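Participant: final07.txt is the file, holding compact mmCIF, C-alpha atoms:
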```txt
# COMPACT_ATOMS: atom_id res chain seq x y z
CA MET A 1 121.23 96.89 131.50
CA ASN A 2 122.61 100.41 131.49
CA GLU A 3 121.25 102.13 134.58
CA THR A 4 120.53 105.33 132.67
CA SER A 5 117.94 103.54 130.55
CA ALA A 6 116.45 101.25 133.18
CA VAL A 7 113.40 101.78 135.34
CA PRO A 8 114.93 102.42 138.77
CA THR A 9 114.56 99.48 141.14
CA ALA A 10 115.23 101.53 144.27
CA PRO A 11 112.05 102.70 146.04
CA LEU A 12 112.71 106.36 145.36
CA ARG A 13 109.92 108.89 145.17
CA ALA A 14 112.04 110.84 142.71
CA ARG A 15 115.62 111.01 141.52
CA ALA A 16 117.92 113.29 139.58
CA GLU A 17 120.25 110.97 137.70
CA ILE A 18 123.59 112.61 136.93
CA ASP A 19 125.59 111.08 134.09
CA LEU A 20 129.22 111.78 134.95
CA GLY A 21 130.30 110.12 131.71
CA ALA A 22 128.37 112.77 129.79
CA LEU A 23 129.91 115.49 131.94
CA ARG A 24 133.44 114.27 131.23
CA ALA A 25 132.67 114.15 127.50
CA ASN A 26 131.29 117.69 127.66
CA VAL A 27 134.45 118.94 129.35
CA ARG A 28 136.58 117.32 126.66
CA ALA A 29 134.43 118.92 123.94
CA LEU A 30 134.73 122.33 125.58
CA ARG A 31 138.48 121.96 125.98
CA ALA A 32 138.72 121.27 122.27
CA ARG A 33 136.85 124.52 121.57
CA ALA A 34 139.06 126.43 124.00
CA ARG A 35 142.00 125.93 121.60
CA GLY A 36 144.78 125.68 124.15
CA ALA A 37 143.34 127.87 126.89
CA HIS A 38 142.94 126.31 130.32
CA LEU A 39 139.40 125.39 131.37
CA MET A 40 137.74 126.30 134.64
CA ALA A 41 134.86 124.01 135.60
CA VAL A 42 132.32 126.19 137.37
CA VAL A 43 130.60 124.16 140.09
CA LYS A 44 128.79 126.93 141.95
CA SER A 45 125.32 126.32 143.39
CA ASP A 46 126.10 122.63 143.95
CA ALA A 47 127.28 122.33 140.34
CA TYR A 48 124.08 123.93 139.00
CA GLY A 49 122.12 121.37 141.00
CA HIS A 50 124.15 118.36 139.81
CA GLY A 51 126.30 117.75 142.92
CA ALA A 52 129.47 119.81 143.33
CA VAL A 53 132.00 117.28 144.59
CA PRO A 54 131.37 114.41 142.14
CA CYS A 55 131.02 116.82 139.22
CA ALA A 56 134.22 118.64 140.18
CA ARG A 57 136.10 115.34 140.34
CA ALA A 58 134.75 114.25 136.96
CA ALA A 59 135.68 117.59 135.39
CA LEU A 60 139.25 117.35 136.68
CA GLU A 61 139.47 113.79 135.35
CA ALA A 62 138.47 115.15 131.92
CA GLY A 63 141.18 117.79 131.90
CA ALA A 64 139.79 120.86 133.65
CA THR A 65 142.66 122.62 135.42
CA TRP A 66 140.64 125.04 137.56
CA LEU A 67 137.45 124.84 139.61
CA GLY A 68 135.26 127.89 140.16
CA THR A 69 132.57 128.77 142.69
CA ALA A 70 130.63 131.88 143.55
CA THR A 71 130.91 131.89 147.34
CA PRO A 72 134.00 131.17 149.45
CA GLU A 73 131.97 128.67 151.46
CA GLU A 74 131.41 126.63 148.30
CA ALA A 75 135.13 126.70 147.52
CA LEU A 76 136.12 125.76 151.07
CA ALA A 77 133.74 122.79 150.93
CA LEU A 78 135.47 121.55 147.79
CA ARG A 79 138.86 121.81 149.45
CA ALA A 80 137.54 120.06 152.57
CA ALA A 81 136.36 117.22 150.34
CA GLY A 82 139.91 116.77 149.09
CA LEU A 83 139.66 118.46 145.70
CA PRO A 84 143.16 119.43 144.55
CA GLY A 85 144.56 122.17 142.36
CA ARG A 86 143.36 125.68 141.70
CA ILE A 87 139.99 126.75 143.05
CA MET A 88 138.68 130.28 142.59
CA CYS A 89 135.76 132.02 144.32
CA TRP A 90 134.45 135.49 143.53
CA LEU A 91 131.38 136.55 145.52
CA TRP A 92 132.59 138.16 148.75
CA VAL A 93 131.02 140.42 151.35
CA PRO A 94 132.79 142.34 154.11
CA GLY A 95 133.90 140.08 156.94
CA GLY A 96 134.12 137.01 154.72
CA PRO A 97 136.38 134.05 155.52
CA TRP A 98 139.50 135.56 153.95
CA ARG A 99 142.00 133.85 156.22
CA GLN A 100 140.40 130.43 155.75
CA ALA A 101 140.52 130.97 152.00
CA ILE A 102 144.19 131.90 152.12
CA GLU A 103 145.05 128.90 154.26
CA ALA A 104 143.09 126.64 151.88
CA ASP A 105 145.12 127.93 148.90
CA LEU A 106 142.12 129.45 147.14
CA ASP A 107 142.29 132.17 144.52
CA VAL A 108 140.03 135.01 145.64
CA ALA A 109 138.49 137.75 143.54
CA VAL A 110 138.85 141.39 144.50
CA SER A 111 136.62 144.04 142.93
CA GLY A 112 137.27 147.05 145.16
CA MET A 113 139.47 148.63 147.79
CA TRP A 114 137.55 147.29 150.80
CA ALA A 115 138.16 143.73 149.65
CA LEU A 116 141.84 144.37 148.97
CA ARG A 117 142.24 145.79 152.47
CA GLU A 118 140.47 142.83 154.08
CA VAL A 119 142.40 140.17 152.18
CA SER A 120 145.68 141.95 152.88
CA ASP A 121 144.91 142.05 156.61
CA ALA A 122 144.01 138.37 156.55
CA ALA A 123 147.26 137.54 154.74
CA ARG A 124 149.23 139.43 157.38
CA GLU A 125 147.49 137.39 160.10
CA ALA A 126 148.00 134.13 158.22
CA GLY A 127 151.65 134.86 157.58
CA ARG A 128 151.41 133.96 153.92
CA PRO A 129 150.39 135.83 150.75
CA ALA A 130 146.89 135.61 149.34
CA ARG A 131 146.30 134.66 145.72
CA VAL A 132 144.20 137.51 144.34
CA GLN A 133 142.46 138.00 141.00
CA LEU A 134 141.42 141.56 140.18
CA LYS A 135 138.03 141.80 138.53
CA ALA A 136 137.25 144.56 136.05
CA ASP A 137 133.70 145.74 135.39
CA THR A 138 133.89 146.06 131.61
CA GLY A 139 130.18 146.69 131.19
CA LEU A 140 128.12 144.06 133.03
CA GLY A 141 127.42 146.44 135.88
CA ARG A 142 127.51 143.85 138.66
CA ASN A 143 130.68 142.99 140.56
CA GLY A 144 134.05 144.28 139.39
CA CYS A 145 136.02 147.51 139.52
CA GLN A 146 134.84 150.42 137.40
CA PRO A 147 137.36 151.69 134.82
CA GLU A 148 137.72 155.05 136.57
CA ASP A 149 138.72 153.25 139.81
CA TRP A 150 141.00 150.70 138.15
CA SER A 151 144.20 152.71 138.53
CA GLU A 152 143.70 153.03 142.29
CA LEU A 153 142.98 149.32 142.71
CA VAL A 154 145.89 148.23 140.53
CA GLY A 155 148.27 150.57 142.31
CA ALA A 156 147.19 149.38 145.75
CA ALA A 157 147.42 145.74 144.65
CA LEU A 158 150.98 146.28 143.46
CA GLU A 159 151.87 147.86 146.80
CA ALA A 160 150.35 144.91 148.66
CA GLU A 161 152.24 142.53 146.38
CA ALA A 162 155.53 144.36 147.03
CA ALA A 163 154.84 144.01 150.77
CA GLY A 164 154.47 140.25 150.37
CA LEU A 165 150.78 140.26 151.30
CA ILE A 166 149.25 139.18 148.00
CA ARG A 167 150.16 137.68 144.65
CA VAL A 168 148.07 138.96 141.73
CA THR A 169 147.35 135.71 139.91
CA GLY A 170 144.69 136.88 137.49
CA LEU A 171 142.86 139.69 135.73
CA TRP A 172 139.31 138.94 134.69
CA SER A 173 135.83 140.14 133.79
CA HIS A 174 132.44 138.79 132.73
CA PHE A 175 130.26 139.30 129.66
CA ALA A 176 126.73 140.66 129.82
CA CYS A 177 125.40 139.46 126.47
CA ALA A 178 127.69 136.75 125.09
CA ASP A 179 124.59 134.57 124.67
CA GLU A 180 123.15 137.10 122.18
CA PRO A 181 125.16 136.77 118.95
CA GLY A 182 126.19 140.11 117.50
CA HIS A 183 125.19 142.18 120.52
CA PRO A 184 127.27 145.39 120.40
CA SER A 185 128.21 145.10 124.07
CA ILE A 186 130.36 142.04 123.32
CA ALA A 187 132.91 143.94 121.24
CA ALA A 188 132.75 146.93 123.58
CA GLN A 189 133.46 144.79 126.65
CA LEU A 190 136.26 142.92 124.93
CA THR A 191 137.94 146.19 123.96
CA ARG A 192 137.57 147.56 127.47
CA PHE A 193 138.97 144.34 128.96
CA ARG A 194 142.03 144.49 126.73
CA GLU A 195 142.59 148.12 127.74
CA MET A 196 142.28 147.41 131.47
CA VAL A 197 144.55 144.35 131.25
CA ALA A 198 147.14 146.36 129.29
CA TYR A 199 147.06 149.12 131.90
CA ALA A 200 147.68 146.67 134.75
CA GLU A 201 150.44 144.84 132.91
CA GLU A 202 152.19 148.06 131.90
CA ARG A 203 152.41 148.96 135.57
CA GLY A 204 153.92 145.67 136.58
CA VAL A 205 151.11 143.18 137.15
CA GLU A 206 152.15 139.74 135.89
CA PRO A 207 148.98 137.62 135.93
CA GLU A 208 149.07 133.87 135.47
CA VAL A 209 145.70 134.00 133.73
CA ARG A 210 143.51 136.56 132.00
CA HIS A 211 139.93 135.49 131.43
CA ILE A 212 136.55 136.80 130.36
CA ALA A 213 134.96 133.92 128.41
CA ASN A 214 131.92 132.21 129.92
CA SER A 215 130.06 129.26 128.36
CA PRO A 216 128.59 131.10 125.34
CA ALA A 217 131.87 132.88 124.64
CA THR A 218 133.75 129.60 124.90
CA LEU A 219 131.42 128.10 122.31
CA THR A 220 131.21 130.95 119.81
CA LEU A 221 133.85 133.66 120.45
CA PRO A 222 137.37 132.22 120.17
CA GLU A 223 138.90 135.70 120.28
CA THR A 224 137.79 135.96 123.91
CA HIS A 225 139.51 132.83 125.21
CA PHE A 226 142.79 134.39 126.42
CA ASP A 227 144.48 132.06 128.98
CA LEU A 228 141.41 130.52 130.61
CA VAL A 229 137.73 129.92 129.86
CA ARG A 230 135.08 129.52 132.53
CA THR A 231 132.46 126.95 131.56
CA GLY A 232 129.36 126.62 133.67
CA ILE A 233 126.06 125.60 132.11
CA ALA A 234 127.65 124.16 128.96
CA MET A 235 129.59 121.66 131.06
CA TYR A 236 126.25 120.21 132.15
CA GLY A 237 125.16 119.75 128.55
CA ILE A 238 122.77 122.68 128.30
CA SER A 239 123.04 125.32 125.61
CA PRO A 240 123.55 128.83 127.04
CA SER A 241 120.97 130.07 124.56
CA PRO A 242 118.72 128.41 121.98
CA GLU A 243 119.83 131.14 119.55
CA LEU A 244 123.38 129.81 119.69
CA GLY A 245 122.38 126.22 118.95
CA THR A 246 121.24 123.05 120.63
CA PRO A 247 123.54 121.03 122.90
CA ALA A 248 124.02 118.54 120.06
CA ASP A 249 125.16 121.37 117.77
CA PHE A 250 128.11 121.87 120.11
CA GLY A 251 128.80 118.21 120.77
CA LEU A 252 127.30 118.40 124.26
CA ARG A 253 124.93 116.07 126.10
CA PRO A 254 122.58 116.98 128.98
CA VAL A 255 123.85 115.46 132.21
CA MET A 256 120.73 115.45 134.42
CA THR A 257 117.64 113.27 134.01
CA LEU A 258 114.82 114.06 136.44
CA SER A 259 112.18 111.41 137.05
CA ALA A 260 109.66 110.26 139.62
CA SER A 261 107.55 107.20 140.35
CA LEU A 262 103.81 107.62 139.81
CA ALA A 263 102.26 107.64 143.27
CA LEU A 264 98.71 106.90 142.12
CA VAL A 265 96.70 106.18 138.98
CA LYS A 266 92.92 106.49 139.17
CA ARG A 267 89.89 106.76 136.95
CA VAL A 268 87.70 109.85 137.28
CA PRO A 269 84.52 111.03 135.55
CA GLY A 270 84.20 113.92 133.14
CA GLY A 271 83.80 117.32 134.73
CA HIS A 272 86.19 116.47 137.59
CA GLY A 273 88.28 119.37 138.88
CA VAL A 274 92.02 118.78 139.21
CA SER A 275 94.33 120.41 141.77
CA TYR A 276 94.00 123.80 143.44
CA GLY A 277 91.62 126.28 141.87
CA HIS A 278 90.22 123.72 139.42
CA HIS A 279 92.06 125.41 136.55
CA TYR A 280 91.82 122.06 134.81
CA VAL A 281 88.56 120.12 134.57
CA THR A 282 88.51 116.72 132.87
CA PRO A 283 86.72 116.95 129.50
CA GLY A 284 85.40 113.40 129.87
CA GLU A 285 86.01 110.18 131.76
CA THR A 286 89.76 109.66 132.01
CA THR A 287 92.62 108.52 134.18
CA LEU A 288 94.81 110.77 136.27
CA GLY A 289 98.38 110.09 137.33
CA LEU A 290 99.91 111.64 140.43
CA VAL A 291 103.57 112.69 140.13
CA PRO A 292 105.10 113.19 143.61
CA LEU A 293 107.14 116.29 142.79
CA GLY A 294 106.15 119.89 143.39
CA TYR A 295 107.48 123.38 143.80
CA ALA A 296 109.14 122.41 147.10
CA ASP A 297 111.30 120.14 144.93
CA GLY A 298 111.99 122.89 142.42
CA ILE A 299 109.24 122.17 139.90
CA PRO A 300 108.18 125.64 138.73
CA ARG A 301 104.62 126.61 139.57
CA HIS A 302 104.75 128.45 136.26
CA ALA A 303 104.65 125.00 134.62
CA SER A 304 101.05 124.58 135.75
CA GLY A 305 98.99 123.45 132.78
CA GLY A 306 101.98 123.11 130.47
CA GLY A 307 104.94 121.17 131.88
CA PRO A 308 105.74 118.14 129.68
CA VAL A 309 106.28 114.64 131.13
CA LEU A 310 107.04 111.32 129.42
CA ILE A 311 105.12 108.34 130.82
CA ASP A 312 105.04 104.94 129.15
CA GLY A 313 106.41 106.38 125.92
CA LYS A 314 103.77 109.12 125.64
CA LEU A 315 104.17 112.82 126.31
CA ARG A 316 101.74 114.13 128.91
CA THR A 317 101.16 117.61 130.27
CA VAL A 318 100.77 118.91 133.80
CA ALA A 319 97.02 119.13 134.41
CA GLY A 320 96.09 122.03 136.64
CA ARG A 321 98.34 123.69 139.17
CA VAL A 322 101.66 122.41 140.40
CA ALA A 323 101.34 122.05 144.19
CA MET A 324 104.05 122.05 146.82
CA ASP A 325 104.71 118.31 146.73
CA GLN A 326 102.89 116.94 143.70
CA PHE A 327 101.20 117.54 140.39
CA VAL A 328 98.74 115.64 138.22
CA VAL A 329 98.80 114.55 134.57
CA ASP A 330 95.81 113.49 132.51
CA LEU A 331 96.64 110.01 131.16
CA GLY A 332 93.77 110.06 128.69
CA GLY A 333 92.38 106.72 129.81
CA ASP A 334 95.70 104.85 129.83
CA GLU A 335 96.36 102.96 133.04
CA PRO A 336 100.06 102.57 133.79
CA ARG A 337 100.81 100.93 137.11
CA SER A 338 101.56 102.99 140.18
CA GLY A 339 105.33 103.15 140.39
CA THR A 340 105.75 103.65 136.64
CA ARG A 341 108.56 106.06 135.85
CA ALA A 342 107.58 109.58 134.84
CA VAL A 343 110.46 111.44 133.17
CA LEU A 344 110.26 115.21 133.44
CA PHE A 345 113.42 115.97 131.50
CA GLY A 346 116.62 114.40 130.26
CA PRO A 347 118.81 114.28 127.15
CA GLY A 348 115.79 113.69 124.89
CA ASP A 349 117.07 110.36 123.55
CA VAL A 350 113.77 108.50 123.82
CA GLY A 351 111.39 111.38 123.35
CA GLU A 352 111.52 112.71 126.88
CA PRO A 353 111.38 116.49 127.34
CA THR A 354 114.57 118.45 127.97
CA ALA A 355 115.30 121.15 130.52
CA GLU A 356 115.04 123.62 127.65
CA ASP A 357 111.49 122.41 126.96
CA TRP A 358 110.56 123.18 130.55
CA ALA A 359 112.28 126.56 130.33
CA GLN A 360 110.23 127.47 127.25
CA VAL A 361 106.98 126.53 129.00
CA CYS A 362 107.91 128.58 132.07
CA GLY A 363 109.30 131.60 130.26
CA THR A 364 112.74 131.22 131.83
CA ILE A 365 116.15 129.70 131.03
CA ALA A 366 117.29 126.11 131.39
CA TYR A 367 119.89 127.21 133.95
CA GLU A 368 117.05 127.86 136.39
CA ILE A 369 115.28 124.58 135.68
CA VAL A 370 118.22 122.39 136.69
CA THR A 371 119.64 124.61 139.43
CA ARG A 372 116.38 124.90 141.36
CA ILE A 373 115.85 121.13 141.83
CA GLY A 374 115.73 120.84 145.61
CA THR A 375 117.53 118.77 148.18
CA ARG A 376 114.55 116.43 148.69
CA VAL A 377 115.42 114.93 145.32
CA PRO A 378 118.38 112.50 145.65
CA ARG A 379 121.20 112.92 143.16
CA VAL A 380 122.16 109.51 141.77
CA HIS A 381 125.55 109.74 140.05
CA VAL A 382 126.15 107.14 137.35
CA ASN A 383 129.06 106.34 135.04
CA GLY A 384 131.48 107.59 137.66
```
Take the structure I supplied and represent it as structure tokens, if you would.

Facilitator:
Amino acid sequence: MNETSAVPTAPLRARAEIDLGALRANVRALRARARGAHLMAVVKSDAYGHGAVPCARAALEAGATWLGTATPEEALALRAAGLPGRIMCWLWVPGGPWRQAIEADLDVAVSGMWALREVSDAAREAGRPARVQLKADTGLGRNGCQPEDWSELVGAALEAEAAGLIRVTGLWSHFACADEPGHPSIAAQLTRFREMVAYAEERGVEPEVRHIANSPATLTLPETHFDLVRTGIAMYGISPSPELGTPADFGLRPVMTLSASLALVKRVPGGHGVSYGHHYVTPGETTLGLVPLGYADGIPRHASGGGPVLIDGKLRTVAGRVAMDQFVVDLGGDEPRSGTRAVLFGPGDVGEPTAEDWAQVCGTIAYEIVTRIGTRVPRVHVNG
């Protein structure tokens, strides 16, 4: 029997099953949409909760040519695990591990003069040039160099390159609203990016890659693809925005299935309070099922009274408050055995909820639902 459809035989309280076959298929689908641009598989935050090293390997097997992380520590861990090829990291603070990054052959992002100075000093100490990608703030207002400071940064980078301290390998930026079709900031940012890239290239920068497209832009804005697209959430089979379409609309399949074994099933009378605060009281005699997952495992407390769960082919709802380690569902008199699998979310093939369903209940985005699943929940990688 295919493990992804079987009731787990291992005595696990809970498990996050990660379908690496689905991830590889998603990468291939995204590469097809990228129309010749290289693809960076973004595996920050432990691959959005899916397990960075196995997901990175699967993405490379499917044709990704770059890996991307937020922090240098995440990128160094990938290299230490033996991941080959180009790895880029972009979230630096003063005093970061610049020399280690240089010696590990990472591409590092630079958004301002302090970072350029620090990476240049580290390159001098290491005796080898750093691979640097200059980030432009084209309108997101987070990291990146402001347009009025771009000339200074580009000029200093060219001086450092002439001194043999760095090699400018990329020019890049990030969209603010690519997940909102037609938002005026998209065109404005794209225009600004083209202007800032042209300025740098006219002064002698010869980047290997220029990139601004994230997952939603990869899916819907082919004019933004340039040399490289950075796919994060879409690689894990989750739509960047319900407005853009479902995963199936883009040929994608959710990679994570979260489930737990019922810890207890018991009959209770009507009028019985359930969980902290008694925000749920049984309307009549019924059965309650105890799911051994809680907010310490990443189950949002905001799902209290609304989170959907599939048990024995029927959709149930979180009854009362989600606690730190557990929550309760009203089984309506049904009596599944303790140990029966409760599926919180998955691809939706057999009627189970999806991460997007949980996001809608909690008033958040599916990114948060999968990324917040904690380390107490084992990741079980299948189809590797």

Participant: What's the 8 Å shell around stretch 254-259 of chain A, counting all atoms listed in the file, without same-chain residues fewer than 5 positions away, as an mmCIF file with C-alpha atoms, in the coordinates of the input?

Facilitator:
```
data_model
loop_
_atom_site.group_PDB
_atom_site.id
_atom_site.type_symbol
_atom_site.label_atom_id
_atom_site.label_comp_id
_atom_site.auth_asym_id
_atom_site.auth_seq_id
_atom_site.Cartn_x
_atom_site.Cartn_y
_atom_site.Cartn_z
ATOM 1 C CA ALA A 14 112.040 110.840 142.710
ATOM 2 C CA ARG A 15 115.620 111.010 141.520
ATOM 3 C CA ALA A 16 117.920 113.290 139.580
ATOM 4 C CA GLU A 17 120.250 110.970 137.700
ATOM 5 C CA ILE A 18 123.590 112.610 136.930
ATOM 6 C CA ASP A 19 125.590 111.080 134.090
ATOM 7 C CA LEU A 20 129.220 111.780 134.950
ATOM 8 C CA ALA A 22 128.370 112.770 129.790
ATOM 9 C CA LEU A 23 129.910 115.490 131.940
ATOM 10 C CA HIS A 50 124.150 118.360 139.810
ATOM 11 C CA TYR A 236 126.250 120.210 132.150
ATOM 12 C CA GLY A 237 125.160 119.750 128.550
ATOM 13 C CA ILE A 238 122.770 122.680 128.300
ATOM 14 C CA PRO A 247 123.540 121.030 122.900
ATOM 15 C CA ARG A 341 108.560 106.060 135.850
ATOM 16 C CA ALA A 342 107.580 109.580 134.840
ATOM 17 C CA VAL A 343 110.460 111.440 133.170
ATOM 18 C CA LEU A 344 110.260 115.210 133.440
ATOM 19 C CA PHE A 345 113.420 115.970 131.500
ATOM 20 C CA GLY A 346 116.620 114.400 130.260
ATOM 21 C CA PRO A 347 118.810 114.280 127.150
ATOM 22 C CA VAL A 370 118.220 122.390 136.690
#
```

Participant: Would you please work out which residue, of A:Gly144, A:Gly85, A:Pro240, A:Pro184, is nearest to A:Met196 when using only C-alpha atoms?

Facilitator: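 Smallest distance to A:Met196 is found for A:Gly144.
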
Participant: Have a look at A:Ala104, A:Ile186, A:Ala123, A:Ala359 and name the one nearest to A:Ala163; count all atoms listed in the file.

Facilitator: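 Distance minimum relative to A:Ala163 lands on A:Ala123.
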
Participant: Identify which of the residues A:Val380, A:Leu76, A:Leu116, A:Ala319 lies closest to A:Cys55, counting all atoms listed in the file when measuring atom-to-atom distances.

Facilitator: A:Val380

Participant: What is the atom CA of A:Pro283 to atom CA of A:Gln360 distance in Å?

Facilitator: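 These atoms are spaced 25.9 Å apart.
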
Participant: Using all atoms listed in the file, which of A:Ala64, A:Cys362, A:Leu140, A:Leu288 sits nearest A:His38?

Facilitator: A:Ala64

Participant: Write out as a ChimeraX atom specification the residues lying within 12 Å of A:Gly127, counting all atoms listed in the file and excluding same-chain residues fewer than 4 positions away.

Facilitator: /A:99,102-103,119-123,163-166

Participant: Counting only C-alpha atoms, figure out which residue out of A:Gly49, A:Asn26, A:Arg203, A:Ser111 gets nearest to A:Phe250.

Facilitator: A:Asn26

Participant: Closest to A:Val108 among A:Val309, A:Val168, A:Leu83, A:Leu158, using all atoms listed in the file?

Facilitator: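 For A:Val108, the nearest of the given residues is A:Val168.
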
Participant: What is the distance, in Å and to one decimal place, between atom CA of A:Ala217 and atom CA of A:Leu244?

Facilitator: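 Atom CA of A:Leu244 lies 10.3 Å from atom CA of A:Ala217.
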
Participant: So how far away is atom CA of A:Trp172 from atom CA of A:Ala56, in Å?

Facilitator: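 These atoms are spaced 21.6 Å apart.
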